[in-house]
>>> print(open('coords.txt').read())   # compact mmCIF, C-alpha atoms
# COMPACT_ATOMS: atom_id res chain seq x y z
CA MET A 149 31.07 -16.34 -215.99
CA SER A 150 33.35 -14.64 -218.48
CA SER A 151 32.21 -11.32 -219.81
CA PRO A 152 31.62 -10.97 -223.54
CA ASN A 153 33.06 -7.44 -223.67
CA ARG A 154 36.49 -8.72 -222.78
CA ILE A 155 38.75 -9.89 -225.53
CA SER A 156 40.43 -13.25 -225.05
CA GLY A 157 43.89 -11.61 -224.94
CA GLY A 158 42.76 -9.76 -221.82
CA ILE A 159 41.61 -12.96 -220.17
CA LYS A 160 44.89 -14.72 -221.02
CA PHE A 161 46.78 -11.78 -219.61
CA GLU A 162 44.83 -11.91 -216.37
CA LEU A 163 45.53 -15.63 -216.11
CA ALA A 164 49.23 -15.02 -216.75
CA ILE A 165 49.30 -12.39 -214.00
CA SER A 166 47.46 -14.70 -211.67
CA TYR A 167 49.96 -17.53 -212.22
CA LEU A 168 52.94 -15.20 -212.02
CA LEU A 169 51.78 -13.84 -208.67
CA ALA A 170 51.01 -17.31 -207.36
CA ALA A 171 54.35 -18.74 -208.52
CA GLY A 172 56.30 -15.81 -207.05
CA VAL A 173 54.54 -15.89 -203.71
CA VAL A 174 54.60 -19.68 -203.34
CA SER A 175 58.29 -20.02 -204.18
CA SER A 176 59.21 -17.10 -201.96
CA LEU A 177 57.23 -18.42 -199.01
CA ILE A 178 58.64 -21.93 -199.42
CA LEU A 179 62.14 -20.42 -199.28
CA VAL A 180 61.27 -18.32 -196.23
CA ALA A 181 59.65 -21.29 -194.45
CA ALA A 182 62.65 -23.51 -195.31
CA GLY A 183 64.89 -20.74 -194.00
CA ILE A 184 63.01 -20.69 -190.69
CA LEU A 185 63.38 -24.45 -190.37
CA LEU A 186 67.11 -24.25 -191.19
CA PHE A 187 67.42 -21.40 -188.69
CA TYR A 188 66.36 -23.78 -185.96
CA PHE A 189 69.03 -26.30 -186.95
CA GLN A 190 71.68 -23.61 -187.21
CA PHE A 191 70.96 -21.62 -184.05
CA GLY A 192 69.07 -24.13 -181.92
CA ASN A 193 66.18 -21.75 -181.30
CA LEU A 194 63.51 -19.78 -183.13
CA ALA A 195 63.66 -16.55 -181.16
CA ILE A 196 62.93 -13.27 -182.91
CA SER A 197 66.31 -11.60 -182.86
CA GLU A 198 67.38 -7.96 -182.90
CA LYS A 199 70.96 -8.83 -183.90
CA LYS A 200 72.41 -6.80 -186.73
CA VAL A 201 72.83 -9.77 -189.09
CA MET A 202 69.05 -10.36 -189.04
CA PHE A 203 68.43 -7.02 -190.73
CA LEU A 204 68.55 -6.51 -194.47
CA GLN A 205 70.15 -3.30 -195.61
CA GLU A 206 71.24 -2.21 -199.04
CA LYS A 207 71.11 1.02 -200.96
CA ASN A 208 70.43 -0.62 -204.28
CA PHE A 209 68.19 -3.69 -204.54
CA PHE A 210 69.85 -4.83 -207.74
CA TYR A 211 73.30 -4.77 -206.11
CA PHE A 212 71.69 -6.53 -203.19
CA LEU A 213 70.62 -9.34 -205.51
CA TYR A 214 74.06 -9.46 -207.07
CA ASP A 215 75.79 -9.61 -203.68
CA LEU A 216 73.39 -12.29 -202.52
CA PHE A 217 74.69 -14.63 -205.19
CA ARG A 218 78.30 -13.43 -205.25
CA ASP A 219 78.87 -13.64 -201.49
CA GLY A 220 76.73 -16.72 -200.88
CA PRO A 221 75.70 -17.71 -197.34
CA SER A 222 78.27 -15.62 -195.48
CA HIS A 223 76.06 -15.34 -192.35
CA GLY A 224 74.85 -18.92 -192.43
CA PHE A 225 72.79 -20.88 -194.89
CA SER A 226 69.44 -20.33 -193.13
CA LEU A 227 69.64 -16.54 -193.29
CA TRP A 228 70.75 -16.75 -196.90
CA VAL A 229 67.72 -18.89 -197.82
CA MET A 230 65.35 -16.51 -196.00
CA THR A 231 66.94 -13.51 -197.70
CA LEU A 232 66.58 -15.22 -201.06
CA GLY A 233 62.89 -15.79 -200.27
CA ILE A 234 62.43 -12.09 -199.48
CA ALA A 235 64.25 -11.15 -202.70
CA VAL A 236 61.87 -13.35 -204.72
CA LEU A 237 58.99 -11.70 -202.87
CA ILE A 238 60.20 -8.22 -203.83
CA LEU A 239 60.69 -9.32 -207.42
CA THR A 240 57.14 -10.73 -207.72
CA PRO A 241 55.16 -7.47 -208.12
CA TYR A 242 58.08 -6.04 -210.03
CA ALA A 243 57.82 -8.86 -212.55
CA ARG A 244 54.06 -8.29 -212.66
CA VAL A 245 54.52 -4.67 -213.82
CA LEU A 246 57.13 -5.77 -216.32
CA LEU A 247 54.74 -8.38 -217.72
CA SER A 248 51.95 -5.77 -217.88
CA VAL A 249 54.12 -3.34 -219.84
CA LEU A 250 55.00 -6.06 -222.35
CA HIS A 251 51.37 -7.15 -222.63
CA PHE A 252 50.02 -3.67 -223.31
CA ILE A 253 52.76 -2.91 -225.83
CA ARG A 254 51.96 -6.15 -227.65
CA GLU A 255 48.24 -5.31 -227.59
CA LYS A 256 49.10 -1.83 -228.92
CA ASP A 257 47.23 -0.32 -225.99
CA PHE A 258 49.43 2.74 -225.71
CA LYS A 259 47.53 4.40 -222.89
CA PHE A 260 48.07 1.44 -220.61
CA SER A 261 51.59 0.85 -221.93
CA ALA A 262 52.41 4.35 -220.72
CA ILE A 263 50.59 3.88 -217.41
CA THR A 264 52.35 0.61 -216.56
CA LEU A 265 55.71 1.89 -217.83
CA PHE A 266 55.38 4.87 -215.53
CA VAL A 267 54.90 2.54 -212.54
CA LEU A 268 57.85 0.41 -213.66
CA VAL A 269 60.15 3.42 -213.87
CA ILE A 270 59.10 4.71 -210.44
CA LEU A 271 59.69 1.32 -208.84
CA THR A 272 63.02 0.82 -210.59
CA LEU A 273 64.21 4.22 -209.45
CA SER A 274 63.12 3.61 -205.89
CA LEU A 275 64.73 0.16 -205.80
CA ALA A 276 67.97 1.27 -207.43
CA ALA A 277 68.59 4.91 -206.79
CA HIS A 278 68.05 5.41 -203.12
CA MET B 290 59.52 -13.28 -175.84
CA LEU B 291 57.69 -13.94 -179.06
CA SER B 292 59.18 -16.73 -181.17
CA MET B 293 59.03 -17.20 -184.91
CA VAL B 294 56.67 -20.17 -184.50
CA SER B 295 54.17 -18.32 -182.31
CA LEU B 296 54.34 -15.33 -184.65
CA LEU B 297 53.65 -17.61 -187.60
CA PHE B 298 50.59 -19.12 -185.96
CA LEU B 299 49.35 -15.73 -184.82
CA SER B 300 49.68 -14.43 -188.36
CA ILE B 301 47.37 -17.04 -189.90
CA PRO B 302 44.04 -15.89 -188.36
CA VAL B 303 45.19 -12.29 -188.73
CA GLY B 304 45.80 -12.80 -192.45
CA PHE B 305 42.38 -14.46 -192.78
CA LEU B 306 40.58 -11.46 -191.27
CA GLY B 307 42.79 -9.06 -193.18
CA ALA B 308 41.77 -10.59 -196.50
CA LEU B 309 38.06 -10.72 -195.66
CA THR B 310 37.88 -7.11 -194.63
CA GLY B 311 40.27 -5.76 -197.27
CA LEU B 312 42.37 -4.28 -194.47
CA GLY B 313 45.33 -6.56 -195.11
CA GLY B 314 46.92 -8.63 -192.38
CA ALA B 315 49.59 -6.09 -191.49
CA SER B 316 47.25 -3.39 -190.22
CA ILE B 317 45.92 -5.89 -187.68
CA LEU B 318 49.32 -7.40 -186.92
CA ILE B 319 51.34 -4.21 -186.42
CA PRO B 320 49.34 -3.03 -183.36
CA ILE B 321 49.62 -6.56 -181.94
CA LEU B 322 53.40 -6.62 -182.48
CA VAL B 323 53.75 -3.20 -180.91
CA PHE B 324 51.72 -4.50 -177.97
CA LEU B 325 54.21 -7.39 -177.70
CA GLY B 326 57.14 -4.98 -177.52
CA ILE B 327 58.50 -4.88 -181.07
CA PRO B 328 59.80 -1.38 -182.03
CA VAL B 329 57.10 0.33 -184.08
CA LYS B 330 59.27 1.26 -187.07
CA GLU B 331 60.52 -2.28 -187.36
CA ALA B 332 56.97 -3.65 -187.14
CA ILE B 333 55.92 -1.20 -189.84
CA ALA B 334 58.78 -2.10 -192.19
CA CYS B 335 58.25 -5.84 -191.76
CA GLY B 336 54.49 -5.39 -192.12
CA MET B 337 55.08 -3.61 -195.40
CA ALA B 338 57.23 -6.45 -196.74
CA SER B 339 54.83 -9.16 -195.63
CA ILE B 340 51.99 -7.34 -197.37
CA ILE B 341 53.65 -8.01 -200.72
CA ALA B 342 53.03 -11.70 -200.08
CA THR B 343 49.54 -11.36 -198.61
CA SER B 344 48.33 -9.09 -201.32
CA SER B 345 49.89 -10.91 -204.25
CA GLY B 346 48.71 -14.27 -202.88
CA SER B 347 45.06 -13.31 -202.61
CA ALA B 348 45.14 -11.03 -205.66
CA SER B 349 46.21 -14.07 -207.64
CA SER B 350 42.93 -15.85 -206.92
CA TYR B 351 40.75 -12.74 -207.30
CA VAL B 352 42.23 -12.02 -210.71
CA ARG B 353 41.66 -15.60 -211.80
CA GLU B 354 38.03 -15.41 -210.63
CA LYS B 355 37.75 -12.12 -212.52
CA ILE B 356 36.49 -10.08 -209.57
CA ALA B 357 39.35 -7.55 -209.41
CA ASN B 358 39.42 -4.84 -212.08
CA VAL B 359 42.99 -5.03 -213.36
CA ARG B 360 42.81 -1.89 -215.50
CA VAL B 361 41.50 0.28 -212.68
CA ALA B 362 44.19 -1.21 -210.45
CA MET B 363 47.01 -0.40 -212.83
CA PHE B 364 45.79 3.13 -213.35
CA LEU B 365 45.62 3.75 -209.60
CA GLU B 366 49.04 2.21 -208.95
CA MET B 367 50.66 5.23 -210.55
CA PHE B 368 49.44 7.25 -207.59
CA THR B 369 49.87 4.75 -204.76
CA THR B 370 53.51 3.94 -205.55
CA ILE B 371 54.57 7.58 -205.42
CA GLY B 372 52.60 8.07 -202.21
CA ALA B 373 54.15 4.98 -200.62
CA ILE B 374 57.72 6.02 -201.36
CA ALA B 375 57.07 9.45 -199.83
CA GLY B 376 55.26 7.94 -196.83
CA ALA B 377 57.95 5.38 -196.04
CA THR B 378 60.60 8.07 -196.26
CA ILE B 379 58.68 10.17 -193.72
CA THR B 380 58.45 7.23 -191.31
CA THR B 381 62.20 6.69 -191.34
CA LEU B 382 62.61 10.32 -190.25
CA ILE B 383 59.94 11.01 -187.59
CA SER B 384 59.52 10.09 -183.90
CA PRO B 385 57.91 6.69 -183.14
CA THR B 386 55.36 8.27 -180.77
CA LEU B 387 53.89 10.22 -183.67
CA LEU B 388 53.45 6.97 -185.57
CA TYR B 389 51.09 5.49 -182.95
CA PHE B 390 48.80 8.48 -183.26
CA PHE B 391 49.02 8.62 -187.05
CA PHE B 392 48.15 4.94 -187.12
CA ALA B 393 45.08 5.43 -184.92
CA ALA B 394 44.00 8.63 -186.66
CA PHE B 395 44.30 7.08 -190.08
CA LEU B 396 42.23 4.08 -189.10
CA ALA B 397 39.68 6.39 -187.48
CA THR B 398 39.02 8.29 -190.71
CA SER B 399 38.34 5.09 -192.63
CA PHE B 400 36.03 3.92 -189.85
CA LEU B 401 33.93 7.09 -189.98
CA LYS B 402 33.69 7.11 -193.74
CA SER B 403 32.63 3.52 -194.12
CA LYS B 404 30.01 3.78 -191.37
CA ARG B 405 27.74 5.64 -193.75
CA THR B 406 27.81 2.91 -196.36
CA VAL B 407 26.60 0.06 -194.15
CA SER B 408 23.81 -1.36 -196.24
CA GLU B 409 23.17 -4.32 -198.47
CA SER B 410 23.92 -2.14 -201.45
CA PRO B 411 22.68 -3.34 -204.81
CA PRO B 412 25.70 -2.75 -207.05
CA SER B 413 25.29 0.68 -208.53
CA SER B 414 25.62 1.60 -212.16
CA GLU B 415 26.89 5.13 -212.53
CA TRP B 416 27.29 6.90 -215.82
CA PRO B 417 31.02 6.91 -216.69
CA ASP B 418 32.74 10.23 -217.34
CA ARG B 419 34.89 10.94 -220.36
CA MET B 420 38.16 9.89 -218.79
CA SER B 421 36.82 6.52 -217.61
CA ARG B 422 35.52 5.82 -221.08
CA TRP B 423 38.82 6.90 -222.60
CA LEU B 424 40.67 4.49 -220.30
CA ASN B 425 38.04 1.79 -220.80
CA LEU B 426 37.70 1.17 -217.07
CA GLN B 427 34.23 -0.40 -216.84
CA GLY B 428 33.91 -4.05 -215.90
CA SER B 429 31.78 -6.92 -214.71
CA TYR B 430 31.98 -9.84 -212.30
CA PHE B 431 29.91 -12.80 -211.20
CA ASP B 432 28.42 -12.32 -207.75
CA GLU B 433 27.79 -15.62 -205.97
CA VAL B 434 25.35 -14.07 -203.51
CA TYR B 435 23.12 -12.58 -206.23
CA GLN B 436 23.86 -15.49 -208.58
CA ARG B 437 24.23 -13.22 -211.57
CA ARG B 438 26.74 -11.18 -213.49
CA ILE B 439 27.02 -7.59 -212.30
CA ASP B 440 28.05 -4.96 -214.85
CA TYR B 441 29.36 -1.70 -213.47
CA LYS B 442 30.72 1.62 -214.69
CA VAL B 443 33.54 3.67 -213.21
CA THR B 444 33.60 7.43 -212.60
CA HIS B 445 36.10 10.16 -211.65
CA PRO B 446 39.38 8.25 -212.07
CA LEU B 447 41.52 11.35 -211.52
CA TRP B 448 39.85 12.21 -208.22
CA GLY B 449 40.27 8.57 -207.32
CA GLY B 450 43.95 8.93 -208.20
CA GLY B 451 44.26 11.85 -205.80
CA GLY B 452 42.69 9.74 -203.06
CA MET B 453 45.11 6.96 -203.91
CA LEU B 454 48.08 9.27 -203.53
CA LEU B 455 46.95 9.85 -199.94
CA ALA B 456 46.26 6.14 -199.49
CA GLY B 457 49.77 5.34 -200.71
CA LEU B 458 51.26 7.96 -198.40
CA ALA B 459 49.51 6.46 -195.38
CA ALA B 460 50.35 2.93 -196.51
CA GLY B 461 54.04 3.62 -196.89
CA MET B 462 54.14 5.53 -193.64
CA LEU B 463 52.29 2.98 -191.52
CA GLY B 464 53.30 -0.24 -193.28
CA ILE B 465 49.70 -1.24 -193.71
CA GLY B 466 48.58 -1.31 -197.33
CA ALA B 467 45.77 1.10 -196.37
CA GLY B 468 43.13 -1.22 -197.77
CA ALA B 469 40.38 0.45 -195.78
CA PHE B 470 41.12 3.84 -197.26
CA LYS B 471 41.53 2.47 -200.77
CA VAL B 472 38.20 0.69 -200.55
CA THR B 473 36.55 3.92 -199.38
CA VAL B 474 38.02 5.88 -202.30
CA GLN B 475 37.06 3.22 -204.80
CA GLU B 476 33.50 2.86 -203.57
CA ASN B 477 32.73 6.53 -203.00
CA ILE B 478 34.64 8.22 -205.81
CA LEU B 479 35.14 5.59 -208.51
CA LYS B 480 31.85 3.86 -207.62
CA LEU B 481 33.20 0.33 -207.76
CA PRO B 482 30.90 -2.34 -206.25
CA PRO B 483 32.13 -3.46 -202.77
CA LYS B 484 33.56 -6.82 -203.83
CA VAL B 485 35.32 -5.41 -206.87
CA SER B 486 36.60 -2.65 -204.65
CA SER B 487 38.12 -4.84 -201.95
CA THR B 488 39.69 -7.26 -204.44
CA THR B 489 41.05 -4.47 -206.65
CA SER B 490 42.50 -2.76 -203.61
CA ASN B 491 44.19 -6.05 -202.71
CA PHE B 492 45.82 -6.10 -206.12
CA ILE B 493 47.06 -2.52 -205.84
CA ILE B 494 48.41 -3.08 -202.34
CA GLY B 495 51.10 -5.48 -203.60
CA MET B 496 52.60 -2.74 -205.71
CA THR B 497 52.22 -0.10 -203.01
CA ALA B 498 53.95 -2.43 -200.56
CA LEU B 499 56.83 -3.00 -202.95
CA ALA B 500 57.33 0.76 -203.26
CA GLY B 501 57.35 1.18 -199.48
CA THR B 502 59.60 -1.84 -198.94
CA SER B 503 62.20 -0.39 -201.29
CA VAL B 504 62.62 2.50 -198.85
CA TYR B 505 62.71 0.26 -195.78
CA LEU B 506 65.35 -1.94 -197.39
CA TYR B 507 67.51 1.12 -197.71
CA SER B 508 66.89 2.15 -194.09
CA GLY B 509 67.82 -1.23 -192.65
CA LEU B 510 64.53 -1.79 -190.83
CA LEU B 511 63.71 -5.17 -192.36
CA ASN B 512 64.21 -7.91 -189.76
CA LEU B 513 64.35 -11.40 -191.32
CA THR B 514 63.22 -13.19 -188.16
CA LEU B 515 60.17 -10.94 -187.97
CA MET B 516 59.03 -10.57 -191.57
CA GLY B 517 59.68 -14.21 -192.49
CA PRO B 518 57.02 -15.71 -190.20
CA MET B 519 54.71 -12.72 -190.78
CA ALA B 520 54.81 -13.18 -194.53
CA VAL B 521 54.20 -16.94 -194.40
CA GLY B 522 51.42 -16.77 -191.79
CA THR B 523 49.45 -13.81 -193.09
CA THR B 524 49.56 -15.16 -196.63
CA LEU B 525 48.26 -18.58 -195.62
CA GLY B 526 45.45 -16.84 -193.77
CA ALA B 527 44.75 -14.49 -196.66
CA VAL B 528 44.44 -17.35 -199.13
CA LEU B 529 41.89 -19.01 -196.84
CA GLY B 530 40.07 -15.70 -196.49
CA GLY B 531 39.97 -15.25 -200.26
CA ARG B 532 38.26 -18.63 -200.55
CA VAL B 533 35.22 -17.50 -198.57
CA LEU B 534 35.09 -13.82 -199.57
CA ASN B 535 32.86 -14.15 -202.60
CA LYS B 536 30.41 -16.28 -200.63
CA MET B 537 29.86 -13.65 -197.96
CA ARG B 538 27.29 -10.90 -197.96
CA ASN B 539 28.53 -7.33 -198.34
CA ARG B 540 26.83 -6.42 -195.09
CA THR B 541 28.60 -9.15 -193.14
CA LEU B 542 31.97 -8.04 -194.53
CA ARG B 543 31.21 -4.47 -193.58
CA MET B 544 30.26 -5.26 -189.99
CA LEU B 545 33.42 -7.32 -189.54
CA PHE B 546 35.44 -4.46 -190.94
CA ILE B 547 33.99 -1.91 -188.51
CA PHE B 548 34.48 -4.15 -185.51
CA ILE B 549 38.17 -4.83 -186.26
CA VAL B 550 39.01 -1.21 -187.11
CA ALA B 551 37.50 -0.02 -183.82
CA PHE B 552 39.60 -2.51 -181.91
CA LEU B 553 42.84 -1.47 -183.66
CA ILE B 554 42.25 2.22 -183.01
CA LEU B 555 41.84 1.61 -179.29
CA GLN B 556 45.07 -0.38 -179.13
CA MET B 557 47.18 2.24 -180.91
CA VAL B 558 45.76 5.19 -178.96
CA TYR B 559 46.50 3.33 -175.74
CA LYS B 560 50.07 2.66 -176.87
CA GLY B 561 50.57 6.25 -177.99
CA VAL B 562 49.26 7.74 -174.77
CA SER B 563 51.29 5.40 -172.58
CA SER B 564 54.47 6.24 -174.50
CA LEU B 565 54.13 10.00 -173.94
>>> encode(input="coords.txt", output="structure tokens")
Amino acid sequence: MSSPNRISGGIKFELAISYLLAAGVVSSLILVAAGILLFYFQFGNLAISEKKVMFLQEKNFFYFLYDLFRDGPSHGFSLWVMTLGIAVLILTPYARVLLSVLHFIREKDFKFSAITLFVLVILTLSLAAH
Amino acid sequence: MLSMVSLLFLSIPVGFLGALTGLGGASILIPILVFLGIPVKEAIACGMASIIATSSGSASSYVREKIANVRVAMFLEMFTTIGAIAGATITTLISPTLLYFFFAAFLATSFLKSKRTVSESPPSSEWPDRMSRWLNLQGSYFDEVYQRRIDYKVTHPLWGGGGMLLAGLAAGMLGIGAGAFKVTVQENILKLPPKVSSTTSNFIIGMTALAGTSVYLYSGLLNLTLMGPMAVGTTLGAVLGGRVLNKMRNRTLRMLFIFIVAFLILQMVYKGVSSL
């Protein structure tokens, strides 16, 4: 099933990406699901709410992460757990680009180092500098 | 009123169909949410965030099975991320009524384009141009229907990139990943085989969705009680869909795709007209 024209480093890299994505998504969804369950115990219902505290808003994602840990569950533990899950979700593809940049630099594939670095810079700017 | 539990269970079959067709769960779920009375911009923002999970979840298995072309994906992500940031920014600024029509119109274009390619296409083998060779974009995968390894070449990556800029713009604007459009670009311009195309588009969508979500985070449109159940449900469904994708015929996938897109267009046009 594996193709002979692919070097083993490439296959290892694809496996690493695959596991990174799976780990990120699974841990994030477990947190979100746990948050939903905790929400029920905290609020006594599972209604979709339009209250202001249900909305995430932050100018800079990296500050948002910092605040998440510094302030702790200020609006209740369930919302904090769900927010943490969403933060892990946002970090998953971000970590994937970071891993790709490192991989291509290590493989001395400069074309793809530049391509993935470009994507990383764009995403970092959009997450941080809005 | 919709509860988180009912939304979760609604999202599972939606995610399943989204993965099979390459549309992504959100493009099916957003019209349904709008129908159920959720504000369209909020549905779009939460759809965008849940797509990160759907796409990354199913991309994980496609990459492991070596169907998706990771190099092509990473090249095209340069274009989709920029498009998505621009698109999401536009959505935060324009009237919601316009969004219903954009949604329908965008889906309509992908429907017309893919109608022409309904056939049990034997995977093509185009001659790669200089740029594709320079970027080493060609690939191969094992097709379970044909029971053999399919080698394929890639052409016109820059034109494909231009198409992806538009795809990213629409994705960011409508919160949908724009899988249909990406698949069309990849099959018609880059000449990827259908299965490689839909799995590669899945991979790219995660990054596009992250770019769009970064804008929606800033605009305060991300509702935890909405995107939480959406993300969990559509991803569960997408993982199930990914399990059966490589066992299905290209023609079957295509017919399913056309049927669902037609349905979604009708729903959004109806909503747009009734909100005038």
>>> atom_distance(input="coords.txt", atom1="CA of Lys200 in chain A", atom2="CA of Val180 in chain A")
18.6 Å
>>> residues_near_point(input="coords.txt", point="(73.1, -17.7, -189.8)", cutoff="8 Å", atoms="only C-alpha atoms", output="PDB file with C-alpha atoms, keeping the file's coordinate frame")
ATOM      1  CA  PHE A 187      67.420 -21.400-188.690  1.00  0.00           C
ATOM      2  CA  GLN A 190      71.680 -23.610-187.210  1.00  0.00           C
ATOM      3  CA  PHE A 191      70.960 -21.620-184.050  1.00  0.00           C
ATOM      4  CA  VAL A 201      72.830  -9.770-189.090  1.00  0.00           C
ATOM      5  CA  PRO A 221      75.700 -17.710-197.340  1.00  0.00           C
ATOM      6  CA  SER A 222      78.270 -15.620-195.480  1.00  0.00           C
ATOM      7  CA  HIS A 223      76.060 -15.340-192.350  1.00  0.00           C
ATOM      8  CA  GLY A 224      74.850 -18.920-192.430  1.00  0.00           C
ATOM      9  CA  PHE A 225      72.790 -20.880-194.890  1.00  0.00           C
ATOM     10  CA  SER A 226      69.440 -20.330-193.130  1.00  0.00           C
ATOM     11  CA  LEU A 227      69.640 -16.540-193.290  1.00  0.00           C
ATOM     12  CA  TRP A 228      70.750 -16.750-196.900  1.00  0.00           C
TER      13      TRP A 228
END
>>> atom_distance(input="coords.txt", atom1="CA of Ala181 in chain A", atom2="CA of Ala338 in chain B")
15.2 Å
>>> interface_residues(input="coords.txt", of="chain A", to="chain B", cutoff="6 Å", atoms="all atoms listed in the file", output="number ranges by chain")
A: 163, 166, 169-170, 173, 177, 180, 194-196, 202-207, 241, 267, 275
>>> atom_distance(input="coords.txt", atom1="CA of Met519 in chain B", atom2="CA of Thr310 in chain B")
18.2 Å
>>> residues_around(input="coords.txt", residues="Gly313 in chain B", least_positions_apart="2", cutoff="7 Å", atoms="all atoms listed in the file", output="PyMOL selection string")
chain B and resi 304+307-308+311+315-316+466+468
>>> closest_residue(input="coords.txt", among="A:Gly192, A:Gly233, A:Gly158, A:Gly220", to="Gly172 in chain A", atoms="all atoms listed in the file")
A:Gly233
>>> residues_around(input="coords.txt", residues="Leu268 in chain A", least_positions_apart="6", cutoff="9 Å", atoms="only C-alpha atoms", output="list in words")
Tyr242, Val245, Leu246 and Val249 of chain A
>>> closest_residue(input="coords.txt", among="A:Ala262, A:Leu185, A:Val229, A:Ala235", to="Phe212 in chain A", atoms="all atoms listed in the file")
A:Ala235
>>> residues_near_point(input="coords.txt", point="(52.3, -8.0, -179.8)", cutoff="12 Å", atoms="all atoms listed in the file", output="JSON, numbers by chain")
{"B": [290, 291, 292, 295, 296, 299, 300, 317, 318, 319, 320, 321, 322, 323, 324, 325, 326, 327, 328, 329, 332, 515, 556, 557, 560]}
>>> residues_around(input="coords.txt", residues="Thr386 in chain B", least_positions_apart="3", cutoff="8 Å", atoms="only C-alpha atoms", output="PyMOL selection string")
chain B and resi 389-390+561+564-565
